[in-house]
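Next comes entry-v4.cif, with mmCIF, C-alpha atoms and all ligand atoms.
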data_final
#
loop_
_atom_site.label_atom_id
_atom_site.label_comp_id
_atom_site.auth_asym_id
_atom_site.auth_seq_id
_atom_site.Cartn_x
_atom_site.Cartn_y
_atom_site.Cartn_z
CA MET A 1 -12.40 -27.02 -57.01
CA ILE A 2 -14.84 -24.70 -55.27
CA LYS A 3 -15.62 -27.41 -52.72
CA GLN A 4 -11.89 -27.74 -51.97
CA LYS A 5 -11.56 -23.99 -51.49
CA LYS A 6 -14.53 -24.00 -49.10
CA LEU A 7 -12.98 -26.84 -47.15
CA LEU A 8 -9.66 -24.97 -46.96
CA ALA A 9 -11.42 -21.84 -45.74
CA LEU A 10 -13.25 -23.85 -43.09
CA ILE A 11 -10.03 -25.51 -41.93
CA SER A 12 -8.21 -22.17 -41.68
CA LEU A 13 -11.13 -20.72 -39.75
CA PHE A 14 -11.02 -23.68 -37.38
CA ILE A 15 -7.25 -23.33 -36.87
CA GLY A 16 -7.72 -19.61 -36.35
CA PHE A 17 -10.23 -20.23 -33.56
CA LEU A 18 -8.00 -22.89 -32.04
CA VAL A 19 -5.02 -20.49 -31.87
CA PHE A 20 -7.22 -17.69 -30.51
CA PHE A 21 -8.64 -19.78 -27.67
CA SER A 22 -5.27 -21.36 -26.87
CA VAL A 23 -3.78 -17.89 -26.41
CA LEU A 24 -6.68 -16.93 -24.14
CA LEU A 25 -6.21 -20.11 -22.12
CA LEU A 26 -2.44 -19.73 -21.84
CA LYS A 27 -2.85 -16.14 -20.70
CA GLU A 28 -5.13 -17.35 -17.90
CA ILE A 29 -2.61 -20.01 -16.87
CA TRP A 30 0.59 -17.98 -17.21
CA ILE A 31 -0.41 -14.65 -15.78
CA PRO A 32 -1.37 -15.04 -12.14
CA PRO A 33 -4.31 -12.82 -11.19
CA SER A 34 -2.17 -10.79 -8.75
CA ALA A 35 0.08 -9.64 -11.59
CA GLU A 36 -2.95 -8.11 -13.24
CA ALA A 37 -4.22 -6.37 -10.11
CA HIS A 38 -4.35 -2.56 -10.16
CA LYS A 39 -4.58 -2.54 -13.94
CA GLU A 40 -7.09 0.26 -13.67
CA PRO A 41 -5.39 3.62 -13.06
CA HIS A 42 -6.36 5.19 -9.73
CA THR A 43 -8.84 8.02 -9.83
CA PRO A 44 -7.76 11.43 -8.50
CA GLN A 45 -10.23 10.89 -5.61
CA GLN A 46 -8.59 7.57 -4.69
CA LEU A 47 -5.10 9.10 -4.85
CA LYS A 48 -6.21 11.95 -2.60
CA ALA A 49 -7.71 9.48 -0.10
CA PHE A 50 -4.45 7.47 -0.04
CA GLN A 51 -2.38 10.62 0.46
CA ASP A 52 -4.71 11.93 3.19
CA GLN A 53 -4.39 8.65 5.08
CA PHE A 54 -0.61 8.69 4.71
CA MET A 55 -0.34 12.26 5.97
CA ALA A 56 -2.68 11.53 8.91
CA MET A 57 -0.23 8.77 9.97
CA VAL A 58 2.76 11.12 9.49
CA ILE A 59 1.07 13.77 11.66
CA GLU A 60 0.30 11.22 14.42
CA GLY A 61 3.91 10.01 14.18
CA ASP A 62 5.15 13.60 14.44
CA LYS A 63 3.16 13.99 17.70
CA LEU A 64 4.47 10.72 19.13
CA PHE A 65 8.02 11.64 18.13
CA HIS A 66 7.69 14.91 20.05
CA GLY A 67 6.29 13.33 23.22
CA GLY A 68 2.57 13.77 22.43
CA GLY A 69 0.09 11.48 20.70
CA SER A 70 -1.98 8.62 22.03
CA VAL A 71 0.79 6.43 23.50
CA LYS A 72 3.46 7.25 26.08
CA LEU A 73 6.86 6.29 24.70
CA SER A 74 9.13 7.54 27.47
CA LYS A 75 9.52 7.50 31.22
CA THR A 76 12.46 9.89 31.34
CA GLY A 77 10.66 12.92 29.96
CA MET A 78 12.86 12.72 26.87
CA ALA A 79 11.09 12.62 23.52
CA CYS A 80 12.57 11.03 20.39
CA ALA A 81 12.94 14.47 18.82
CA MET A 82 15.29 15.65 21.59
CA CYS A 83 17.95 13.20 20.43
CA HIS A 84 16.79 12.96 16.81
CA PRO A 85 15.68 16.46 15.74
CA TYR A 86 13.70 16.21 12.47
CA ALA A 87 14.24 12.42 12.72
CA SER A 88 17.98 12.90 12.17
CA ASP A 89 20.20 9.84 12.67
CA THR A 90 17.26 7.45 12.43
CA HIS A 91 18.54 6.13 9.06
CA PRO A 92 15.39 4.29 7.91
CA HIS A 93 17.00 3.65 4.52
CA GLU A 94 19.75 1.50 6.14
CA PHE A 95 17.40 -1.14 7.57
CA PRO A 96 17.30 -4.04 7.92
CA LYS A 97 20.83 -4.39 9.29
CA TYR A 98 22.87 -6.01 12.05
CA GLN A 99 22.60 -3.98 15.27
CA GLU A 100 25.54 -4.42 17.61
CA GLN A 101 23.74 -3.13 20.73
CA MET A 102 21.02 -5.75 20.22
CA GLY A 103 23.35 -8.44 18.94
CA LYS A 104 20.90 -9.27 16.19
CA PHE A 105 19.74 -8.49 12.69
CA ALA A 106 17.14 -5.76 13.15
CA THR A 107 14.37 -3.92 11.37
CA LEU A 108 13.52 -0.24 11.79
CA ARG A 109 10.66 -1.29 14.10
CA ASP A 110 13.08 -3.28 16.28
CA MET A 111 15.26 -0.18 16.58
CA ILE A 112 12.33 2.10 17.40
CA ASN A 113 11.43 -0.31 20.22
CA TRP A 114 15.07 -0.44 21.36
CA CYS A 115 15.05 3.36 21.75
CA ILE A 116 11.73 3.23 23.61
CA GLU A 117 13.13 0.62 26.02
CA LYS A 118 16.73 1.85 26.49
CA PRO A 119 17.24 5.62 26.26
CA ASN A 120 13.53 6.31 26.94
CA GLU A 121 13.18 3.64 29.66
CA GLY A 122 9.64 3.09 28.40
CA GLU A 123 7.64 0.02 27.47
CA LYS A 124 8.02 -1.56 24.05
CA ILE A 125 5.01 -1.13 21.77
CA ASP A 126 3.37 -3.77 19.55
CA PRO A 127 5.29 -3.75 16.24
CA GLU A 128 1.92 -4.05 14.42
CA SER A 129 0.26 -1.19 16.33
CA ASP A 130 -0.95 2.04 14.78
CA ALA A 131 1.55 3.95 16.96
CA MET A 132 4.44 1.96 15.45
CA LYS A 133 3.10 2.50 11.93
CA ALA A 134 2.74 6.23 12.64
CA LEU A 135 6.33 6.50 13.94
CA GLU A 136 7.52 4.60 10.89
CA ALA A 137 5.51 6.90 8.58
CA TYR A 138 6.94 10.03 10.24
CA ILE A 139 10.54 8.73 10.15
CA TYR A 140 10.31 7.70 6.47
CA TRP A 141 8.58 10.93 5.49
CA SER A 142 11.27 12.99 7.27
CA ASN A 143 13.99 11.08 5.41
CA LYS A 144 12.37 11.37 1.99
CA GLY A 145 14.88 11.23 -0.85
CA SER A 146 17.44 9.10 1.04
CA VAL A 147 18.82 6.39 -1.19
CA LEU A 148 17.99 2.85 -0.09
CA ASP A 149 21.13 1.24 1.25
CA PRO A 150 20.06 -1.74 3.38
CA GLY A 151 22.69 -3.24 5.66
CA ARG A 152 24.82 -0.09 5.76
CA HIS A 153 26.49 1.23 8.93
C1 LIG B 1 18.46 9.99 24.85
C2 LIG B 1 18.65 10.01 23.43
C3 LIG B 1 17.69 9.22 22.56
C4 LIG B 1 16.32 9.25 22.57
C5 LIG B 1 15.40 10.03 23.47
C6 LIG B 1 15.90 8.40 21.45
N1 LIG B 1 16.99 7.88 20.81
FE1 LIG B 1 16.96 6.81 19.10
N2 LIG B 1 18.95 6.59 19.21
C7 LIG B 1 19.77 7.14 20.18
C8 LIG B 1 21.14 6.70 19.96
C9 LIG B 1 22.34 7.09 20.80
C10 LIG B 1 21.09 5.87 18.83
C11 LIG B 1 22.26 5.19 18.15
C12 LIG B 1 22.43 3.79 18.51
C13 LIG B 1 23.53 3.19 17.67
O1 LIG B 1 23.34 3.07 16.45
O2 LIG B 1 24.54 2.85 18.24
C14 LIG B 1 19.73 5.83 18.39
C15 LIG B 1 19.29 5.16 17.27
C16 LIG B 1 18.01 5.19 16.77
C17 LIG B 1 17.58 4.57 15.54
C18 LIG B 1 18.45 3.72 14.61
C19 LIG B 1 19.51 4.48 13.86
C20 LIG B 1 20.51 3.55 13.26
O3 LIG B 1 20.95 3.79 12.14
O4 LIG B 1 20.89 2.57 13.90
C21 LIG B 1 16.26 4.80 15.42
C22 LIG B 1 15.35 4.37 14.28
C23 LIG B 1 15.86 5.57 16.55
N3 LIG B 1 16.93 5.80 17.35
C24 LIG B 1 14.56 5.99 16.79
C25 LIG B 1 14.17 6.58 17.99
C26 LIG B 1 12.79 6.81 18.35
C27 LIG B 1 11.58 6.46 17.49
C28 LIG B 1 12.80 7.39 19.58
C29 LIG B 1 11.62 7.75 20.42
C30 LIG B 1 10.72 6.68 20.76
C31 LIG B 1 14.18 7.56 19.96
N4 LIG B 1 14.98 7.04 18.99
C32 LIG B 1 14.59 8.16 21.12
C33 LIG B 1 19.38 8.01 21.16
C34 LIG B 1 18.10 8.34 21.47
#

For the file at hand, write its structure as structure tokens.
Ligand code: HEC
Amino acid sequence: MIKQKKLLALISLFIGFLVFFSVLLLKEIWIPPSAEAHKEPHTPQQLKAFQDQFMAMVIEGDKLFHGGGSVKLSKTGMACAMCHPYASDTHPHEFPKYQEQMGKFATLRDMINWCIEKPNEGEKIDPESDAMKALEAYIYWSNKGSVLDPGRH
């Protein structure tokens, strides 16, 4: 009788371990590592560093938008801000969308380059450049709170 009980206890222990390790294994298989990234909450120092970098881009974008900054975006003497004061009518929340004047489906960066080339008669900038990212940062920051409405006209 006692022997049987011992055997039963051993079997349950074995099954217990089996279930435990299966769950561990399944978790590894089912949850891709990327889904578990950033599990650790950011420290206040990290958050401040992120925010500082964001605001540095916004400030550079502000300069570019007003005709300053490191890259020349206009050959007419007109700065973005003269037609779009405080980034008005730039509608970042509506992109991507079909743009009639380009005859194509466009992103915000495409439209920034369109304005550099057409009204500003300048030279298009690299869509991956820091200047483009800065303009994008300034335009988004200026339109904070706008509700995303991609495709809208
Ligand atoms: C001379 C005036 C003028 C200047 C300068 C100008 N734009 Fe524009 N911009 C326009 C006009 C007009 C439109 C509207 C085009 C349309 O949607 O038909 C426009 C549209 C845009 C849009 C898209 C808005 C939308 O919803 O389609 C963005 C973004 C934009 N401009 C960014 C810029 C940036 C960045 C600069 C500076 C590099 C700039 N613009 C300079 C006149 C200007």

Requested in this report: Throw together the list of residues within 8 Å of ligand LIG 1 (chain B), counting only C-alpha atoms and all ligand atoms, and drop it here as a ChimeraX atom specification.
Outcome: /A:64-65,73-74,78-84,87,89-92,94-95,99-101,108-109,111-116,119-120,135-136,139,153

Report, in Å to a single decimal, how far apart CA of Asp110 in chain A and CA of Asp149 in chain A are.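 Between CA of Asp149 in chain A and CA of Asp110 in chain A the gap works out to 17.6 Å.
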
Might you pull out every residue within 10 Å of Lys133 in chain A, with all atoms listed in the file counted and same-chain residues fewer than 5 positions away left off, and present them as an MDAnalysis selection string? chainID A and resid 57:58 60:61 109 126:128 138:139

- Task: Measure the distance from CA of Phe20 in chain A to CA of Leu8 in chain A in Å and round it to one decimal.
- Result: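 Separation of CA of Phe20 in chain A and CA of Leu8 in chain A: 18.2 Å.
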
Take CA of Phe105 in chain A and CA of Trp141 in chain A and report the distance between them in Å, one decimal.
->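 Between these atoms lies a distance of 23.5 Å.
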
Restricting to all atoms listed in the file, whichever of A:Thr43, A:Ala49, A:Lys75, A:Leu18 is closest to Lys124 in chain A is A:Lys75
